[in-house]
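K.L.:
To start, I am sharing the structure in question, which I have written as structure tokens.
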Amino acid sequence: MITRRPPGPKGNLLVGSLRDFGANPPEFLRQLAQMYGGMVHFRLAQYHTYLLADSDYVREVLVTQSDKFEKAPLDRQILGKFLGNGLLTSEGAFHARQRRLAQPAFHMKRIRTYAEVMVAYTDHLLADWQDGQKRDVAEDMMRLTMHIVSKTLFDADAVTEAEDTAVSVGRAIHDLQAVSNGDYRRGFVLPDWLPTAGNRQRKRAIADYSQTIERIIGERRATAVNGQIADNGDLLSMLMLSQDEDGGYMDDRQLRDEVATLFAAGHETTSNALSWTWYLLSQNPAAEAKLHAELDAVLEGRSPTLDDLPHLPYTLQVIKEAMRLYPPAWILNGRTPLTNVEIGGYAIPQGSMIFIAPYVMHRQPYYFPNPEQFLPERWTPEMEKSLPKYAYMPFGGGPRVCIGNSFAMMEAQLILATMAQRVRLRLVAGTAVQPEALITMSPAGGLPMIVAAREPRQEWKDTELPELVVV
Ligand code: HEM
């Protein structure tokens with residue numbers, strides 16, 4: 001078969017399209033897809049880069065020919081600095097083993113038990129809120145999801161120790177992301193021995209969170225009876241109890257990498273999905289009213305439970321639509337072909353960089369008419385049936401699809417249902433919200449909003465924080 005290079009901009013002789021890309025990465029990629037079609041070639045400095053914006057091409061890389069691709073070395077190098085060889089960064093047979101070991105922790109039977117925690121922590125957050133108060137809702141969502149992941153991942157309690165544990169691990173991981181964003185912008189990683197401010201910050205942050213996570217793992221080992229780790233219902237005990245076919249367990253180093261990965265991957269994404277949801281609802285009063293009507297009719301003022309979720313279809317549509325417009329993981333990790341490959345008649349050489357961006361896919365007018373509009377109503381069962389697979393992909397796809405997908409969707413729906421019953425959030429006047437596309441996509445500079453109570457304050461409850469249950 002004759003293969004050719006896909007169309008695309010020539011760019012600057014030295015740096016290719018690096019400057020245009022750097023100015024606004026998601027919009028640059030979206031415009032490329034609009035101008036050139038489903039596959040676009042361009043250069044980012046030395047990297048020959050291929051943007052895939054057609055769901056059939058995406059399927060080839062993530063599913064059909066997935067064994068011919070790996071995550072790009074640049075991504076693995078940058079993320080690996082703080083996530084080690086965890087699920088997000090590992091490859092090949094090792095990744096497959098780790099995925100098998102981690103999967104039971106995310107079994108629906110297990111994560112169902114976290115619903116109560118999610119609702120109780122949301123009640124707890126609202127306990128301090130007052131009508132008319134100004135809050136940075138992006139920061140609130142970040143703290144909330146961080147506390148939930150701390151409780152469900154390593155059973156740290158938000159009111160007592162988790163305030164320290166979650167905050168110290170969280171701060172370290174955020175510092176690391178800031179340094180990593182610098183690496184991405186530069187397009188290469190500075191060697192560890194260079195005494196730069198970023199390297200110093202990274203070293204300090206890694207030492208901080210490693211110490212905390214290693215302490216938690218050590219405490220679990222110390223309380224084992226006859227070498228048997230107790231299952232206390234959290235994800236960590238499941239990871240520690242999980243055995244591969246040869247009877248092997250994860251060692252402490254590997255556990256540390258997996259816990260850091262789940263902590264990092266498991267809260268900022270969900271928190272951004274919720275922040276964007278609040279922003280979009282504040283701009284779309286009709287959708288907000290419809291959401292309130294559904295919640296009021298189904299819940300009649302009580303806290304939501306997992307069993308309510310199937311009866312809250314519009315709540316789910318709101319979240320899906322928010323993640324369509326602002327997918328928290330706006331671009332997947334880069335992929336690189338291990339050999340020369342052919343996709344849709346185009347040649348993609350070994351070692352090149354492949355970009356798959358949910359942000360671009362989700363704003364293609366032929367998949368989503370009126371793509372810029374927030375229309376939760378578009379998510380009808382018929383529409384979902386006719387939508388090509390991988391046109392909507394906030395959680396990626398194939399063997400590397402997000403392991404926390406069901407956890408995150410359950411969490412986002414329960415938090416939204418709990419909060420939207422009690423409060424309406426309005427942007428502080430004069431705030432211009434812009435997306436900031438770093439590793440995840442968040443509202444740049446936070447989300448200053450004013451709280452308007454939907455029901456009298458005395459009816460709000462601060463539920464007692466529940467213990468995890470073992471299933
Ligand atoms: C709205 C929330 C979330 C979004 C949008 C999201 C998105 C994604 C995406 C797009 C990927 C694939 C990355 C790629 O292929 O390059 C991924 C992978 C992953 N996510 Fe999530 N995620 C979310 C929540 C979570 C949660 C709650 C957890 C864990 C508690 C989690 C843990 C992971 C892990 C471990 C991977 C790597 C899986 C593997 O490669 O085997 N994520 N996520």
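In the structure tokens, each chain is lettered A, B, ... as it comes, each chain's residues begin at 1, and ligands are numbered from 1 in order of appearance.
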Check which residues fall inside 8 Å of ligand 1 when counting only C-alpha atoms and all ligand atoms, and print them as number ranges by chain.
P.N.:
A: 62, 71, 86-90, 95-96, 99, 149, 153, 258, 261-273, 323, 327-335, 358, 393-397, 399-409, 412
K.L.:
Find the residues near Glu377 (chain A): any atom within 9 Å, counting only C-alpha atoms, skip ones fewer than 6 places away on the same chain, and give them as a ChimeraX atom specification.
P.N.:
/A:287,314,317-318,321
K.L.:
Next, dump the selected residues to file, keeping only N, CA and C atoms, as an mmCIF file, in the first residue's frame.
P.N.:
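The result, written out as result.cif:
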data_model
loop_
_atom_site.group_PDB
_atom_site.id
_atom_site.type_symbol
_atom_site.label_atom_id
_atom_site.label_comp_id
_atom_site.auth_asym_id
_atom_site.auth_seq_id
_atom_site.Cartn_x
_atom_site.Cartn_y
_atom_site.Cartn_z
ATOM 1 N N ALA A 287 -30.273 25.077 32.245
ATOM 2 C CA ALA A 287 -29.767 23.740 32.585
ATOM 3 C C ALA A 287 -29.716 23.587 34.099
ATOM 4 N N TYR A 314 -30.357 13.374 34.418
ATOM 5 C CA TYR A 314 -29.925 14.707 33.967
ATOM 6 C C TYR A 314 -28.635 15.128 34.691
ATOM 7 N N GLN A 317 -25.994 13.672 32.752
ATOM 8 C CA GLN A 317 -25.823 14.376 31.466
ATOM 9 C C GLN A 317 -25.039 15.678 31.649
ATOM 10 N N VAL A 318 -25.313 16.366 32.759
ATOM 11 C CA VAL A 318 -24.603 17.622 33.034
ATOM 12 C C VAL A 318 -23.099 17.350 33.157
ATOM 13 N N GLU A 321 -21.528 16.402 29.800
ATOM 14 C CA GLU A 321 -21.402 17.558 28.902
ATOM 15 C C GLU A 321 -20.279 18.494 29.368
#
K.L.:
Can you list, as a list in words, every protein, DNA or RNA residue that comes within 9 Å of Phe154 (chain A) when you count only C-alpha atoms, leaving out same-chain residues fewer than 3 positions away?
P.N.:
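Result of the neighbour search: Val149, Ser150, Lys151, Ile213, Ile216, Ile217, Asp234, Leu235, Leu236, Ser237 and Val259 of chain A.
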K.L.:
Hey, what's within 9 Å of Leu295 (chain A) if we count only C-alpha atoms and toss same-chain stuff fewer than 5 positions away? As a ChimeraX atom specification, please?
P.N.:
/A:290,300-301,304,312,315,417-418,420-421
K.L.:
Export, as a PDB file, in the first residue's frame, the selected residues with N, CA, C and O atoms.
P.N.:
ATOM      1  N   LYS A 290     -33.133  22.878  35.453  1.00  0.00           N
ATOM      2  CA  LYS A 290     -33.551  21.510  35.160  1.00  0.00           C
ATOM      3  C   LYS A 290     -32.874  20.517  36.126  1.00  0.00           C
ATOM      4  O   LYS A 290     -33.493  19.563  36.592  1.00  0.00           O
ATOM      5  N   GLU A 300     -35.982  14.795  47.300  1.00  0.00           N
ATOM      6  CA  GLU A 300     -36.850  15.465  48.277  1.00  0.00           C
ATOM      7  C   GLU A 300     -36.069  15.935  49.502  1.00  0.00           C
ATOM      8  O   GLU A 300     -36.496  15.732  50.648  1.00  0.00           O
ATOM      9  N   GLY A 301     -34.898  16.458  49.261  1.00  0.00           N
ATOM     10  CA  GLY A 301     -34.132  17.074  50.334  1.00  0.00           C
ATOM     11  C   GLY A 301     -33.204  16.159  51.108  1.00  0.00           C
ATOM     12  O   GLY A 301     -32.397  16.620  51.896  1.00  0.00           O
ATOM     13  N   PRO A 304     -28.107  12.130  48.689  1.00  0.00           N
ATOM     14  CA  PRO A 304     -28.174  11.067  47.677  1.00  0.00           C
ATOM     15  C   PRO A 304     -27.413   9.821  48.122  1.00  0.00           C
ATOM     16  O   PRO A 304     -26.464   9.916  48.901  1.00  0.00           O
ATOM     17  N   LEU A 312     -31.174   9.697  38.433  1.00  0.00           N
ATOM     18  CA  LEU A 312     -30.753  11.094  38.230  1.00  0.00           C
ATOM     19  C   LEU A 312     -30.049  11.242  36.873  1.00  0.00           C
ATOM     20  O   LEU A 312     -28.875  11.621  36.797  1.00  0.00           O
ATOM     21  N   THR A 315     -28.511  14.730  35.948  1.00  0.00           N
ATOM     22  CA  THR A 315     -27.288  15.023  36.707  1.00  0.00           C
ATOM     23  C   THR A 315     -26.087  14.424  35.963  1.00  0.00           C
ATOM     24  O   THR A 315     -25.042  15.067  35.813  1.00  0.00           O
ATOM     25  N   ALA A 417     -24.836  16.168  43.140  1.00  0.00           N
ATOM     26  CA  ALA A 417     -26.205  16.013  43.654  1.00  0.00           C
ATOM     27  C   ALA A 417     -26.308  16.557  45.081  1.00  0.00           C
ATOM     28  O   ALA A 417     -27.294  17.217  45.427  1.00  0.00           O
ATOM     29  N   THR A 418     -25.291  16.307  45.893  1.00  0.00           N
ATOM     30  CA  THR A 418     -25.326  16.776  47.290  1.00  0.00           C
ATOM     31  C   THR A 418     -25.284  18.304  47.330  1.00  0.00           C
ATOM     32  O   THR A 418     -26.062  18.948  48.039  1.00  0.00           O
ATOM     33  N   ALA A 420     -25.729  20.643  44.794  1.00  0.00           N
ATOM     34  CA  ALA A 420     -26.694  21.440  44.027  1.00  0.00           C
ATOM     35  C   ALA A 420     -28.072  21.454  44.687  1.00  0.00           C
ATOM     36  O   ALA A 420     -28.905  22.294  44.376  1.00  0.00           O
ATOM     37  N   GLN A 421     -28.293  20.524  45.611  1.00  0.00           N
ATOM     38  CA  GLN A 421     -29.556  20.593  46.372  1.00  0.00           C
ATOM     39  C   GLN A 421     -29.559  21.801  47.287  1.00  0.00           C
ATOM     40  O   GLN A 421     -30.591  22.353  47.582  1.00  0.00           O
TER      41      GLN A 421
END
K.L.:
I'd like the contact shell of region 359-368 of chain A - 7 Å cut-off, only C-alpha atoms, skipping same-chain residues fewer than 4 positions apart - returned as a VMD selection string.
P.N.:
chain A and resid 26 29 to 30 53 324 to 327 330 to 331 372 387 391 to 392
K.L.:
I'd like the interatomic distance between CA of Gly344 (chain A) and CA of Arg19 (chain A), to a tenth of an Å.
P.N.:
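Going from CA of Gly344 (chain A) over to CA of Arg19 (chain A), I get 28.8 Å.
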K.L.:
Fewer than 5 positions away in the same chain doesn't count, so skip those; otherwise give me all residues within 8 Å of Val169 (chain A), counting only C-alpha atoms, as a CSV table (one decimal) with N, CA, C and O atoms, in the first residue's frame.
P.N.:
chain,number,residue,atom,x,y,z
A,208,ASP,N,9.2,14.4,50.6
A,208,ASP,CA,8.1,14.7,51.5
A,208,ASP,C,7.0,13.6,51.4
A,208,ASP,O,6.6,13.0,52.3
A,209,TYR,N,6.5,13.4,50.1
A,209,TYR,CA,5.4,12.5,50.0
A,209,TYR,C,5.8,11.1,50.1
A,209,TYR,O,5.1,10.2,50.6
A,212,THR,N,5.8,10.2,53.7
A,212,THR,CA,4.4,10.0,54.2
A,212,THR,C,3.8,8.7,53.7
A,212,THR,O,3.3,7.9,54.5
K.L.:
Can you pull out the residues contacting Ala230 (chain A)? Cut-off 12 Å, using only C-alpha atoms, and skip same-chain residues under 2 positions away; I want them as an mmCIF file with all heavy atoms, in the first residue's frame.
P.N.:
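Saved to selection-v3.cif:
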data_model
loop_
_atom_site.group_PDB
_atom_site.id
_atom_site.type_symbol
_atom_site.label_atom_id
_atom_site.label_comp_id
_atom_site.auth_asym_id
_atom_site.auth_seq_id
_atom_site.Cartn_x
_atom_site.Cartn_y
_atom_site.Cartn_z
ATOM 1 N N GLU A 219 3.125 1.257 58.589
ATOM 2 C CA GLU A 219 2.155 1.038 59.677
ATOM 3 C C GLU A 219 1.254 -0.162 59.368
ATOM 4 O O GLU A 219 0.925 -0.937 60.250
ATOM 5 C CB GLU A 219 1.297 2.297 59.881
ATOM 6 C CG GLU A 219 2.063 3.397 60.606
ATOM 7 C CD GLU A 219 1.366 4.763 60.541
ATOM 8 O OE1 GLU A 219 0.219 4.846 60.023
ATOM 9 O OE2 GLU A 219 1.983 5.730 60.993
ATOM 10 N N ARG A 220 0.899 -0.300 58.098
ATOM 11 C CA ARG A 220 0.066 -1.457 57.723
ATOM 12 C C ARG A 220 0.804 -2.765 57.961
ATOM 13 O O ARG A 220 0.262 -3.732 58.449
ATOM 14 C CB ARG A 220 -0.310 -1.422 56.247
ATOM 15 C CG ARG A 220 -1.271 -0.380 55.857
ATOM 16 C CD ARG A 220 -2.615 -0.554 56.590
ATOM 17 N NE ARG A 220 -3.297 0.721 56.526
ATOM 18 C CZ ARG A 220 -4.101 1.060 55.519
ATOM 19 N NH1 ARG A 220 -4.342 0.205 54.563
ATOM 20 N NH2 ARG A 220 -4.650 2.250 55.505
ATOM 21 N N ARG A 221 2.089 -2.757 57.540
ATOM 22 C CA ARG A 221 2.881 -3.981 57.714
ATOM 23 C C ARG A 221 3.007 -4.301 59.203
ATOM 24 O O ARG A 221 2.942 -5.452 59.600
ATOM 25 C CB ARG A 221 4.278 -3.797 57.111
ATOM 26 C CG ARG A 221 4.256 -3.639 55.612
ATOM 27 C CD ARG A 221 5.086 -4.711 54.918
ATOM 28 N NE ARG A 221 5.113 -4.483 53.482
ATOM 29 C CZ ARG A 221 4.275 -5.067 52.619
ATOM 30 N NH1 ARG A 221 3.364 -5.906 53.048
ATOM 31 N NH2 ARG A 221 4.369 -4.804 51.330
ATOM 32 N N ALA A 222 3.184 -3.229 60.001
ATOM 33 C CA ALA A 222 3.408 -3.436 61.430
ATOM 34 C C ALA A 222 2.182 -4.028 62.124
ATOM 35 O O ALA A 222 2.310 -4.723 63.122
ATOM 36 C CB ALA A 222 3.797 -2.115 62.087
ATOM 37 N N THR A 223 1.000 -3.751 61.574
ATOM 38 C CA THR A 223 -0.208 -4.270 62.252
ATOM 39 C C THR A 223 -0.657 -5.618 61.658
ATOM 40 O O THR A 223 -1.702 -6.143 62.048
ATOM 41 C CB THR A 223 -1.390 -3.282 62.132
ATOM 42 O OG1 THR A 223 -1.579 -2.987 60.736
ATOM 43 C CG2 THR A 223 -1.144 -1.997 62.896
ATOM 44 N N ALA A 224 0.154 -6.176 60.737
ATOM 45 C CA ALA A 224 -0.217 -7.467 60.151
ATOM 46 C C ALA A 224 -0.155 -8.548 61.226
ATOM 47 O O ALA A 224 0.717 -8.511 62.094
ATOM 48 C CB ALA A 224 0.733 -7.801 59.000
ATOM 49 N N VAL A 225 -1.085 -9.470 61.160
ATOM 50 C CA VAL A 225 -1.084 -10.581 62.126
ATOM 51 C C VAL A 225 -0.603 -11.826 61.386
ATOM 52 O O VAL A 225 -1.176 -12.203 60.367
ATOM 53 C CB VAL A 225 -2.508 -10.806 62.689
ATOM 54 C CG1 VAL A 225 -2.525 -11.986 63.663
ATOM 55 C CG2 VAL A 225 -3.013 -9.537 63.343
ATOM 56 N N ASN A 226 0.460 -12.440 61.895
ATOM 57 C CA ASN A 226 1.102 -13.593 61.235
ATOM 58 C C ASN A 226 1.421 -13.297 59.773
ATOM 59 O O ASN A 226 1.163 -14.120 58.894
ATOM 60 C CB ASN A 226 0.213 -14.847 61.309
ATOM 61 C CG ASN A 226 -0.030 -15.275 62.735
ATOM 62 O OD1 ASN A 226 0.831 -15.046 63.604
ATOM 63 N ND2 ASN A 226 -1.185 -15.867 63.006
ATOM 64 N N GLY A 227 1.885 -12.092 59.522
ATOM 65 C CA GLY A 227 2.250 -11.707 58.159
ATOM 66 C C GLY A 227 1.049 -11.381 57.285
ATOM 67 O O GLY A 227 1.196 -11.011 56.118
ATOM 68 N N GLN A 228 -0.141 -11.530 57.816
ATOM 69 C CA GLN A 228 -1.353 -11.283 57.011
ATOM 70 C C GLN A 228 -1.821 -9.835 57.202
ATOM 71 O O GLN A 228 -2.159 -9.424 58.306
ATOM 72 C CB GLN A 228 -2.453 -12.279 57.452
ATOM 73 C CG GLN A 228 -3.744 -12.211 56.666
ATOM 74 C CD GLN A 228 -3.573 -12.612 55.191
ATOM 75 O OE1 GLN A 228 -2.669 -13.371 54.843
ATOM 76 N NE2 GLN A 228 -4.407 -12.064 54.327
ATOM 77 N N ASN A 232 -8.832 -3.227 55.572
ATOM 78 C CA ASN A 232 -9.712 -2.284 56.277
ATOM 79 C C ASN A 232 -10.623 -1.542 55.309
ATOM 80 O O ASN A 232 -11.170 -0.505 55.645
ATOM 81 C CB ASN A 232 -8.906 -1.306 57.131
ATOM 82 C CG ASN A 232 -7.988 -0.471 56.281
ATOM 83 O OD1 ASN A 232 -7.954 -0.670 55.064
ATOM 84 N ND2 ASN A 232 -7.279 0.456 56.870
ATOM 85 N N GLY A 233 -10.743 -2.065 54.099
ATOM 86 C CA GLY A 233 -11.701 -1.497 53.153
ATOM 87 C C GLY A 233 -11.113 -0.469 52.209
ATOM 88 O O GLY A 233 -11.770 -0.058 51.264
ATOM 89 N N ASP A 234 -9.886 -0.004 52.435
ATOM 90 C CA ASP A 234 -9.347 1.020 51.533
ATOM 91 C C ASP A 234 -8.648 0.400 50.321
ATOM 92 O O ASP A 234 -8.475 -0.825 50.241
ATOM 93 C CB ASP A 234 -8.448 2.015 52.289
ATOM 94 C CG ASP A 234 -7.226 1.364 52.891
ATOM 95 O OD1 ASP A 234 -6.944 0.190 52.571
ATOM 96 O OD2 ASP A 234 -6.534 2.042 53.673
ATOM 97 N N LEU A 236 -5.523 0.817 49.417
ATOM 98 C CA LEU A 236 -4.165 0.351 49.730
ATOM 99 C C LEU A 236 -4.185 -1.088 50.235
ATOM 100 O O LEU A 236 -3.367 -1.908 49.800
ATOM 101 C CB LEU A 236 -3.510 1.277 50.767
ATOM 102 C CG LEU A 236 -2.146 0.802 51.279
ATOM 103 C CD1 LEU A 236 -1.126 0.717 50.145
ATOM 104 C CD2 LEU A 236 -1.608 1.745 52.373
ATOM 105 N N SER A 237 -5.125 -1.422 51.146
ATOM 106 C CA SER A 237 -5.084 -2.798 51.653
ATOM 107 C C SER A 237 -5.369 -3.775 50.526
ATOM 108 O O SER A 237 -4.779 -4.847 50.461
ATOM 109 C CB SER A 237 -5.987 -3.014 52.866
ATOM 110 O OG SER A 237 -7.217 -2.405 52.712
ATOM 111 N N MET A 238 -6.226 -3.382 49.603
ATOM 112 C CA MET A 238 -6.500 -4.252 48.453
ATOM 113 C C MET A 238 -5.226 -4.441 47.618
ATOM 114 O O MET A 238 -4.932 -5.540 47.176
ATOM 115 C CB MET A 238 -7.602 -3.599 47.624
ATOM 116 C CG MET A 238 -8.357 -4.536 46.770
ATOM 117 S SD MET A 238 -9.428 -5.572 47.770
ATOM 118 C CE MET A 238 -10.427 -6.285 46.513
ATOM 119 N N LEU A 239 -4.478 -3.349 47.419
ATOM 120 C CA LEU A 239 -3.245 -3.454 46.631
ATOM 121 C C LEU A 239 -2.236 -4.353 47.355
ATOM 122 O O LEU A 239 -1.514 -5.134 46.734
ATOM 123 C CB LEU A 239 -2.610 -2.079 46.414
ATOM 124 C CG LEU A 239 -3.378 -1.062 45.569
ATOM 125 C CD1 LEU A 239 -2.626 0.265 45.500
ATOM 126 C CD2 LEU A 239 -3.630 -1.590 44.152
ATOM 127 N N MET A 240 -2.198 -4.248 48.701
ATOM 128 C CA MET A 240 -1.233 -5.039 49.459
ATOM 129 C C MET A 240 -1.611 -6.517 49.495
ATOM 130 O O MET A 240 -0.757 -7.386 49.622
ATOM 131 C CB MET A 240 -1.101 -4.495 50.888
ATOM 132 C CG MET A 240 -0.482 -3.103 50.924
ATOM 133 S SD MET A 240 -0.323 -2.425 52.590
ATOM 134 C CE MET A 240 1.266 -3.081 53.106
ATOM 135 N N LEU A 241 -2.907 -6.787 49.392
ATOM 136 C CA LEU A 241 -3.382 -8.180 49.474
ATOM 137 C C LEU A 241 -3.402 -8.863 48.110
ATOM 138 O O LEU A 241 -3.542 -10.079 48.023
ATOM 139 C CB LEU A 241 -4.801 -8.196 50.049
ATOM 140 C CG LEU A 241 -4.900 -7.917 51.552
ATOM 141 C CD1 LEU A 241 -6.335 -7.585 51.952
ATOM 142 C CD2 LEU A 241 -4.389 -9.115 52.334
ATOM 143 N N VAL A 470 -15.595 -3.291 54.880
ATOM 144 C CA VAL A 470 -14.865 -4.311 54.116
ATOM 145 C C VAL A 470 -15.876 -5.199 53.420
ATOM 146 O O VAL A 470 -16.832 -5.646 54.044
ATOM 147 C CB VAL A 470 -14.000 -5.157 55.077
ATOM 148 C CG1 VAL A 470 -13.188 -6.183 54.301
ATOM 149 C CG2 VAL A 470 -13.106 -4.261 55.891
#
K.L.:
For Ser180 (chain A), which residue among A:Gln254, A:Gln31, A:Thr277, A:Asn199 is the nearest when counting only C-alpha atoms?
P.N.:
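Result for the nearest residue to Ser180 (chain A): A:Asn199.
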K.L.:
With only C-alpha atoms as the basis for distance, which of A:Leu255, A:Leu144, A:Ala289, A:Ala178 is at the shortest distance from Val117 (chain A)?
P.N.:
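Between A:Leu255, A:Leu144, A:Ala289, A:Ala178, the residue approaching Val117 (chain A) most closely is A:Leu144.
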K.L.:
Would you work out the distance separating CA of Gln130 (chain A) from CA of Met419 (chain A), expressed in Å to one decimal?
P.N.:
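For CA of Gln130 (chain A) relative to CA of Met419 (chain A), the distance reads 13.0 Å.
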K.L.:
Have a look at CA of Glu382 (chain A) and CA of Pro313 (chain A) and let me know their distance in Å, one decimal.
P.N.:
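Interatomic distance, CA of Glu382 (chain A) to CA of Pro313 (chain A): 14.1 Å.
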K.L.:
Counting only C-alpha atoms, figure out which residue out of A:Ala207, A:Ala138, A:Val428, A:Ala127 gets nearest to Met441 (chain A).
P.N.:
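Comparing A:Ala207, A:Ala138, A:Val428, A:Ala127 against Met441 (chain A), the winner is A:Ala138.
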K.L.:
In terms of the shortest atom-to-atom distance over only C-alpha atoms, which of A:Gly132, A:Gly80, A:Gly247, A:Pro195 is closest to Ala452 (chain A)?
P.N.:
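Looking only at the distances to Ala452 (chain A), the closest residue turns out to be A:Gly132.
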K.L.:
Can you work out which one of A:Asp296, A:Pro448, A:Asn181, A:Glu214 has the shortest atom-to-atom distance to Asp251 (chain A), counting only C-alpha atoms?
P.N.:
A:Glu214
